[in-house]
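A.B. asks: My file is start38.csv. It has CSV, C-alpha atoms and all ligand atoms:
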chain,number,residue,atom,x,y,z
O,4,MET,CA,-58.9,-28.8,10.8
O,5,ALA,CA,-58.1,-26.5,13.7
O,6,SER,CA,-60.7,-28.2,15.8
O,7,ALA,CA,-59.2,-31.6,15.0
O,8,VAL,CA,-55.9,-30.3,16.2
O,9,LEU,CA,-57.4,-28.9,19.3
O,10,GLN,CA,-59.1,-32.2,20.0
O,11,MET,CA,-55.7,-33.8,20.2
O,12,PHE,CA,-55.2,-31.9,23.5
O,13,ASP,CA,-57.6,-32.4,26.3
O,14,HIS,CA,-57.8,-28.7,26.9
O,15,PRO,CA,-57.4,-25.6,24.6
O,16,THR,CA,-55.0,-23.9,27.0
O,17,GLN,CA,-52.7,-26.9,26.7
O,18,ALA,CA,-52.8,-26.5,22.9
O,19,ALA,CA,-52.0,-22.8,23.3
O,20,ARG,CA,-49.0,-23.8,25.5
O,21,TRP,CA,-47.7,-26.1,22.8
O,22,LEU,CA,-48.0,-23.4,20.2
O,23,CYS,CA,-46.1,-21.0,22.4
O,24,LEU,CA,-43.4,-23.5,23.0
O,25,ALA,CA,-43.1,-24.3,19.2
O,26,GLY,CA,-43.0,-20.6,18.5
O,27,ALA,CA,-40.3,-20.0,21.1
O,28,LEU,CA,-38.2,-22.8,19.6
O,29,LEU,CA,-38.6,-21.4,16.1
O,30,THR,CA,-37.5,-17.9,17.1
O,31,GLU,CA,-34.6,-19.2,19.0
O,32,ARG,CA,-33.5,-21.3,16.1
O,33,GLY,CA,-34.1,-19.0,13.2
O,34,PHE,CA,-35.8,-15.7,13.3
O,35,ALA,CA,-34.3,-13.9,16.3
O,36,ALA,CA,-30.9,-15.6,16.0
O,37,ASP,CA,-28.2,-14.2,18.3
O,38,PRO,CA,-25.6,-12.1,16.6
O,39,PRO,CA,-22.8,-14.3,15.3
O,40,LYS,CA,-19.6,-14.5,17.5
O,41,ALA,CA,-17.0,-12.8,15.4
O,42,ASP,CA,-13.3,-13.4,15.4
O,43,PHE,CA,-11.0,-10.8,13.7
O,44,SER,CA,-8.6,-13.2,12.0
O,45,ARG,CA,-11.3,-15.7,11.0
O,46,ASP,CA,-14.2,-13.4,10.0
O,47,ILE,CA,-13.2,-9.8,9.6
O,48,GLN,CA,-9.7,-9.7,8.2
O,49,PRO,CA,-10.7,-11.9,5.2
O,50,ILE,CA,-13.4,-9.3,4.3
O,51,PHE,CA,-10.8,-6.5,4.5
O,52,ILE,CA,-8.3,-8.4,2.4
O,53,LYS,CA,-10.8,-9.4,-0.3
O,54,ARG,CA,-12.9,-6.2,-0.5
O,55,CYS,CA,-11.0,-3.3,1.0
O,56,TYR,CA,-7.2,-3.7,0.7
O,57,GLU,CA,-7.3,-2.7,-2.9
O,58,CYS,CA,-7.9,0.9,-1.9
O,59,HIS,CA,-7.2,0.8,1.9
O,60,GLY,CA,-4.2,-1.5,2.1
O,61,PRO,CA,-0.5,-1.6,1.8
O,62,ASP,CA,-0.4,0.0,-1.7
O,63,LYS,CA,-3.2,2.5,-1.7
O,64,GLN,CA,-4.8,4.4,1.1
O,65,LYS,CA,-7.8,6.2,-0.3
O,66,SER,CA,-8.9,9.0,2.1
O,67,ASP,CA,-5.8,8.1,4.1
O,68,LEU,CA,-7.5,5.0,5.5
O,69,ARG,CA,-5.5,1.8,5.9
O,70,LEU,CA,-7.3,-1.3,7.0
O,71,ASP,CA,-4.2,-3.7,7.0
O,72,ARG,CA,-2.6,-2.3,10.2
O,73,LYS,CA,-4.4,-2.0,13.5
O,74,ALA,CA,-3.1,1.4,14.6
O,75,ASP,CA,-3.8,3.0,11.2
O,76,ALA,CA,-7.2,1.4,11.0
O,77,PHE,CA,-8.2,2.7,14.4
O,78,ARG,CA,-6.8,6.2,13.6
O,79,GLY,CA,-9.3,6.3,10.7
O,80,GLY,CA,-9.3,8.4,7.5
O,81,LYS,CA,-9.3,12.0,6.4
O,82,SER,CA,-12.8,12.7,7.5
O,83,GLY,CA,-11.7,12.2,11.2
O,84,LYS,CA,-14.8,10.1,11.9
O,85,PRO,CA,-14.0,7.0,14.0
O,86,VAL,CA,-14.0,4.0,11.8
O,87,PHE,CA,-14.6,1.6,14.7
O,88,VAL,CA,-16.0,2.5,18.1
O,89,PRO,CA,-15.6,-0.7,20.2
O,90,GLY,CA,-18.9,-1.8,21.5
O,91,LYS,CA,-20.9,0.6,19.4
O,92,SER,CA,-21.4,-0.5,15.8
O,93,ALA,CA,-24.1,2.2,15.3
O,94,GLU,CA,-21.5,4.9,15.9
O,95,SER,CA,-18.8,3.3,13.8
O,96,HIS,CA,-18.3,5.0,10.5
O,97,ILE,CA,-17.4,1.8,8.8
O,98,ILE,CA,-21.0,0.5,9.3
O,99,GLU,CA,-22.4,3.7,8.0
O,100,ARG,CA,-20.3,3.3,4.9
O,101,VAL,CA,-20.9,-0.4,4.2
O,102,THR,CA,-24.7,0.0,4.6
O,103,SER,CA,-25.1,3.3,2.9
O,104,PRO,CA,-27.9,3.4,0.2
O,105,ASP,CA,-26.0,6.2,-1.6
O,106,PRO,CA,-23.9,4.7,-4.4
O,107,ASP,CA,-21.3,7.4,-4.0
O,108,GLU,CA,-20.9,6.6,-0.3
O,109,VAL,CA,-21.2,2.9,-0.1
O,110,MET,CA,-18.0,0.8,0.5
O,111,PRO,CA,-16.5,-1.0,-1.2
O,112,ASN,CA,-17.1,1.6,-3.9
O,113,LYS,CA,-16.5,-0.9,-6.6
O,114,GLY,CA,-18.2,-4.3,-7.3
O,115,GLU,CA,-21.0,-5.8,-5.2
O,116,PRO,CA,-21.8,-4.4,-1.8
O,117,LEU,CA,-20.9,-6.6,1.2
O,118,THR,CA,-23.3,-9.4,1.9
O,119,VAL,CA,-25.8,-9.3,4.8
O,120,GLU,CA,-23.8,-11.9,6.6
O,121,GLN,CA,-20.5,-9.9,6.2
O,122,ILE,CA,-22.2,-6.8,7.5
O,123,ALA,CA,-23.7,-8.8,10.4
O,124,LEU,CA,-20.2,-10.1,11.2
O,125,LEU,CA,-18.7,-6.6,11.1
O,126,ARG,CA,-21.4,-5.3,13.4
O,127,ALA,CA,-21.1,-8.2,15.8
O,128,TRP,CA,-17.3,-7.9,15.9
O,129,ILE,CA,-17.5,-4.1,16.8
O,130,ASP,CA,-20.3,-4.7,19.3
O,131,GLN,CA,-18.2,-7.5,20.9
O,132,GLY,CA,-15.4,-5.0,21.5
O,133,ALA,CA,-13.6,-4.8,18.1
O,134,VAL,CA,-10.8,-7.0,19.3
O,135,TRP,CA,-8.0,-6.8,16.8
O,136,PRO,CA,-5.0,-8.9,18.1
O,137,ASP,CA,-1.7,-7.1,18.1
O,138,GLU,CA,0.5,-7.8,15.2
O,139,LYS,CA,3.5,-9.9,16.1
O,140,LYS,CA,6.7,-8.1,15.3
O,141,HIS,CA,8.8,-9.6,12.6
O,142,TRP,CA,11.8,-11.2,14.1
O,143,ALA,CA,14.1,-8.8,12.2
O,144,PHE,CA,12.7,-5.9,14.3
O,145,ILE,CA,13.2,-7.7,17.6
O,146,LYS,CA,16.4,-6.7,19.3
O,147,PRO,CA,18.5,-9.8,20.1
O,148,VAL,CA,19.2,-10.3,23.8
O,149,ARG,CA,21.9,-12.6,25.0
O,150,PRO,CA,20.3,-15.4,27.1
O,151,GLU,CA,21.9,-16.6,30.3
O,152,VAL,CA,23.8,-19.8,29.9
O,153,PRO,CA,21.8,-22.3,31.9
O,154,ALA,CA,23.4,-24.2,34.8
O,155,VAL,CA,23.5,-27.9,34.3
O,156,LYS,CA,24.1,-30.9,36.6
O,157,ASN,CA,26.3,-32.7,34.1
O,158,LYS,CA,29.3,-30.5,34.1
O,159,LEU,CA,31.6,-32.8,32.1
O,160,TRP,CA,29.6,-33.2,28.9
O,161,PRO,CA,29.2,-29.6,27.7
O,162,ARG,CA,32.3,-28.2,25.9
O,163,ASN,CA,30.9,-24.8,25.0
O,164,GLU,CA,28.0,-22.5,25.8
O,165,ILE,CA,25.7,-23.9,23.2
O,166,ASP,CA,26.3,-27.4,24.7
O,167,HIS,CA,25.0,-26.0,28.0
O,168,PHE,CA,21.6,-25.2,26.3
O,169,ILE,CA,21.4,-28.7,24.9
O,170,ALA,CA,22.4,-30.3,28.2
O,171,ALA,CA,19.9,-28.2,30.1
O,172,ARG,CA,17.1,-29.3,27.8
O,173,LEU,CA,18.2,-33.0,28.0
O,174,GLU,CA,18.1,-32.8,31.7
O,175,GLN,CA,14.7,-31.2,31.6
O,176,GLU,CA,13.5,-34.1,29.5
O,177,LYS,CA,15.4,-36.5,31.8
O,178,LEU,CA,17.6,-37.8,29.0
O,179,SER,CA,21.3,-38.2,29.0
O,180,PRO,CA,23.6,-37.3,26.2
O,181,ARG,CA,25.3,-40.0,24.2
O,182,ARG,CA,28.9,-40.6,25.0
O,183,ARG,CA,31.1,-38.5,22.9
O,184,ARG,CA,32.9,-40.3,20.1
O,185,THR,CA,36.6,-39.7,19.9
O,186,ALA,CA,37.5,-37.9,16.7
O,187,PRO,CA,38.9,-40.3,14.0
O,188,ARG,CA,42.6,-39.9,13.6
S,1,LIG,C1,-12.1,0.7,-5.3
S,1,LIG,C2,-11.6,1.5,-4.2
S,1,LIG,C3,-12.2,1.2,-2.8
S,1,LIG,C4,-12.5,0.1,-2.2
S,1,LIG,C5,-12.3,-1.4,-2.7
S,1,LIG,C6,-12.9,0.4,-0.9
S,1,LIG,N1,-12.9,1.8,-0.7
S,1,LIG,FE1,-13.3,2.8,1.0
S,1,LIG,N2,-12.9,4.6,0.1
S,1,LIG,C7,-12.5,4.7,-1.3
S,1,LIG,C8,-12.4,6.1,-1.6
S,1,LIG,C9,-12.0,6.7,-3.0
S,1,LIG,C10,-12.7,6.8,-0.4
S,1,LIG,C11,-12.7,8.4,-0.3
S,1,LIG,C12,-14.0,9.0,-0.8
S,1,LIG,C13,-15.2,8.7,0.1
S,1,LIG,O1,-15.1,9.0,1.2
S,1,LIG,O2,-16.1,8.2,-0.5
S,1,LIG,C14,-13.0,5.8,0.6
S,1,LIG,C15,-13.4,6.1,1.9
S,1,LIG,C16,-13.7,5.2,2.9
S,1,LIG,C17,-14.0,5.5,4.2
S,1,LIG,C18,-14.0,6.9,4.9
S,1,LIG,C19,-12.6,7.3,5.3
S,1,LIG,C20,-12.6,8.6,6.1
S,1,LIG,O3,-12.0,9.5,5.6
S,1,LIG,O4,-13.2,8.6,7.2
S,1,LIG,C21,-14.2,4.3,4.9
S,1,LIG,C22,-14.6,4.1,6.3
S,1,LIG,C23,-14.1,3.3,3.9
S,1,LIG,N3,-13.7,3.8,2.7
S,1,LIG,C24,-14.2,1.9,4.2
S,1,LIG,C25,-14.0,0.9,3.3
S,1,LIG,C26,-14.2,-0.5,3.6
S,1,LIG,C27,-14.6,-1.0,4.9
S,1,LIG,C28,-14.0,-1.1,2.4
S,1,LIG,C29,-14.1,-2.6,2.2
S,1,LIG,C30,-15.3,-3.3,2.6
S,1,LIG,C31,-13.6,-0.2,1.4
S,1,LIG,N4,-13.7,1.1,1.9
S,1,LIG,C32,-13.3,-0.5,0.1
S,1,LIG,C33,-12.3,3.7,-2.1
S,1,LIG,C34,-12.5,2.3,-1.9
Kindly transcribe the structure held in the file into structure tokens.
C.D. replies:
Amino acid sequence: MASAVLQMFDHPTQAARWLCLAGALLTERGFAADPPKADFSRDIQPIFIKRCYECHGPDKQKSDLRLDRKADAFRGGKSGKPVFVPGKSAESHIIERVTSPDPDEVMPNKGEPLTVEQIALLRAWIDQGAVWPDEKKHWAFIKPVRPEVPAVKNKLWPRNEIDHFIAARLEQEKLSPRRRRTAPR
């Protein structure tokens, strides 16, 4: 059989080259796959919500660890071990805990352990810098500032300050306001 295959090539080294190429393609496709590109909101937060918030979320903070808020998550828990070391998953306590073979140590400490894919995503996310986008402030906590009333070309149409904003936008869009109707008497 092997000799039949070899006969397909006019020289054994050519066959060897083909085998190498096939092998390289295989490793690239499947075996030595690059680590996944991990995005916090898409890949990491859903794991925390589903498997960790129950004990490290808004209601409970076991070992003083909260994983629902960036600053608290990076501050870590009671042990003082850094949960995430950006760029270094091997030094990040979270990886130690989600991969621990010790049933008293492994996290989550209830239910199934994380899947291989979830752990790979966590590792990749930390190695890629542990980028956790800043939470947007709720509007209620943003101090209102009075904006400047914009200058407009059409000085006749606006009757009050709010009209100036509308007129400015209309001018930006190169639209002109409708003629005002006179109020019915
Ligand atoms: C059912 C509750 C529960 C769930 C769910 C859970 N944990 Fe924990 N976790 C604990 C408790 C209790 C401790 C403190 C005791 C200990 O360290 O084992 C702890 C401690 C930890 C610590 C150590 C904190 C420190 O002091 O440094 C880390 C890290 C951690 N958990 C990560 C996770 C992650 C990540 C998840 C989700 C994948 C998770 N945990 C899910 C209960 C839970």
A.B. asks: For atom O4 of ligand LIG 1 (chain S) and CA of Asp67 in chain O, determine how far apart the two atoms are, in Å to one decimal place.
C.D. replies: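 Atom-to-atom, atom O4 of ligand LIG 1 (chain S) to CA of Asp67 in chain O, that is 8.0 Å.
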A.B. asks: Which protein, DNA or RNA residues have an atom within 6 Å of ligand LIG 1 (chain S), counting only C-alpha atoms and all ligand atoms, as a list in words?
C.D. replies: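 Residues lying within 6 Å of ligand LIG 1 (chain S): Phe51, Arg54, Cys55, Glu57, Cys58, Lys65, Ser66, Leu68, Gly79, Gly80, Lys81, Ser82, Gly83, Lys84, Val86, His96, Ile97, Arg100, Glu108, Met110, Pro111, Asn112 and Lys113 of chain O.
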A.B. asks: What is the distance between CA of Ala93 in chain O and CA of Ala74 in chain O, in Å to one decimal?
C.D. replies: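 Straight-line distance from CA of Ala93 in chain O to CA of Ala74 in chain O works out to 21.0 Å.
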A.B. asks: Do you have the CA of Asn163 in chain O-CA of Arg184 in chain O distance handy?
C.D. replies: 16.4 Å
A.B. asks: Emit as lines of an AutoDock Vina configuration file the padded axis-aligned box for all listed atoms of range 121-127 of chain O, 4 Å per side, with centre and edge lengths in Å to one decimal.
C.D. replies:
center_x = -21.2
center_y = -7.7
center_z = 11.0
size_x = 13.0
size_y = 12.8
size_z = 17.6
A.B. asks: Could you check which of O:Thr102, O:Gln48, O:Ser92, O:Thr118 is closest to Lys73 in chain O, using all atoms listed in the file?
C.D. replies: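 The shortest atom-to-atom distance to Lys73 in chain O comes from O:Gln48.
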A.B. asks: Rank nothing, just name the residue among O:Asp166, O:Glu176, O:Asp137, O:Glu151 nearest to Asp71 in chain O, using all atoms listed in the file.
C.D. replies: O:Asp137
A.B. asks: Report as a short mmCIF file (atom, residue, chain, number, x, y, z; two decimals) with C-alpha atoms, in the frame of the given file all protein, DNA and RNA residues lying within 10 Å of range 123-132 of chain O, evaluated on all atoms listed in the file, omitting residues in the same chain fewer than 4 positions from it.
C.D. replies:
data_model
loop_
_atom_site.label_atom_id
_atom_site.label_comp_id
_atom_site.auth_asym_id
_atom_site.auth_seq_id
_atom_site.Cartn_x
_atom_site.Cartn_y
_atom_site.Cartn_z
CA ASP O 37 -28.20 -14.20 18.30
CA PRO O 38 -25.60 -12.10 16.60
CA PRO O 39 -22.80 -14.30 15.30
CA LYS O 40 -19.60 -14.50 17.50
CA ALA O 41 -17.00 -12.80 15.40
CA ASP O 42 -13.30 -13.40 15.40
CA PHE O 43 -11.00 -10.80 13.70
CA ASP O 46 -14.20 -13.40 10.00
CA ILE O 47 -13.20 -9.80 9.60
CA GLN O 48 -9.70 -9.70 8.20
CA ILE O 50 -13.40 -9.30 4.30
CA PHE O 87 -14.60 1.60 14.70
CA VAL O 88 -16.00 2.50 18.10
CA PRO O 89 -15.60 -0.70 20.20
CA GLY O 90 -18.90 -1.80 21.50
CA LYS O 91 -20.90 0.60 19.40
CA SER O 92 -21.40 -0.50 15.80
CA ALA O 93 -24.10 2.20 15.30
CA GLU O 94 -21.50 4.90 15.90
CA SER O 95 -18.80 3.30 13.80
CA ILE O 97 -17.40 1.80 8.80
CA ILE O 98 -21.00 0.50 9.30
CA VAL O 101 -20.90 -0.40 4.20
CA LEU O 117 -20.90 -6.60 1.20
CA THR O 118 -23.30 -9.40 1.90
CA VAL O 119 -25.80 -9.30 4.80
#
A.B. asks: Under the rule that only C-alpha atoms are counted, which of O:Ile52, O:Ile122, O:Leu159, O:Ala133 is the nearest residue to Phe77 in chain O?
C.D. replies: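 Under the stated criterion, the closest residue is O:Ala133.
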A.B. asks: Between O:Pro150, O:Asp105, O:Asp75, O:Leu178, which is the closest to Ile165 in chain O once you count all atoms listed in the file?
C.D. replies: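 For Ile165 in chain O, the nearest of the candidates is O:Pro150.
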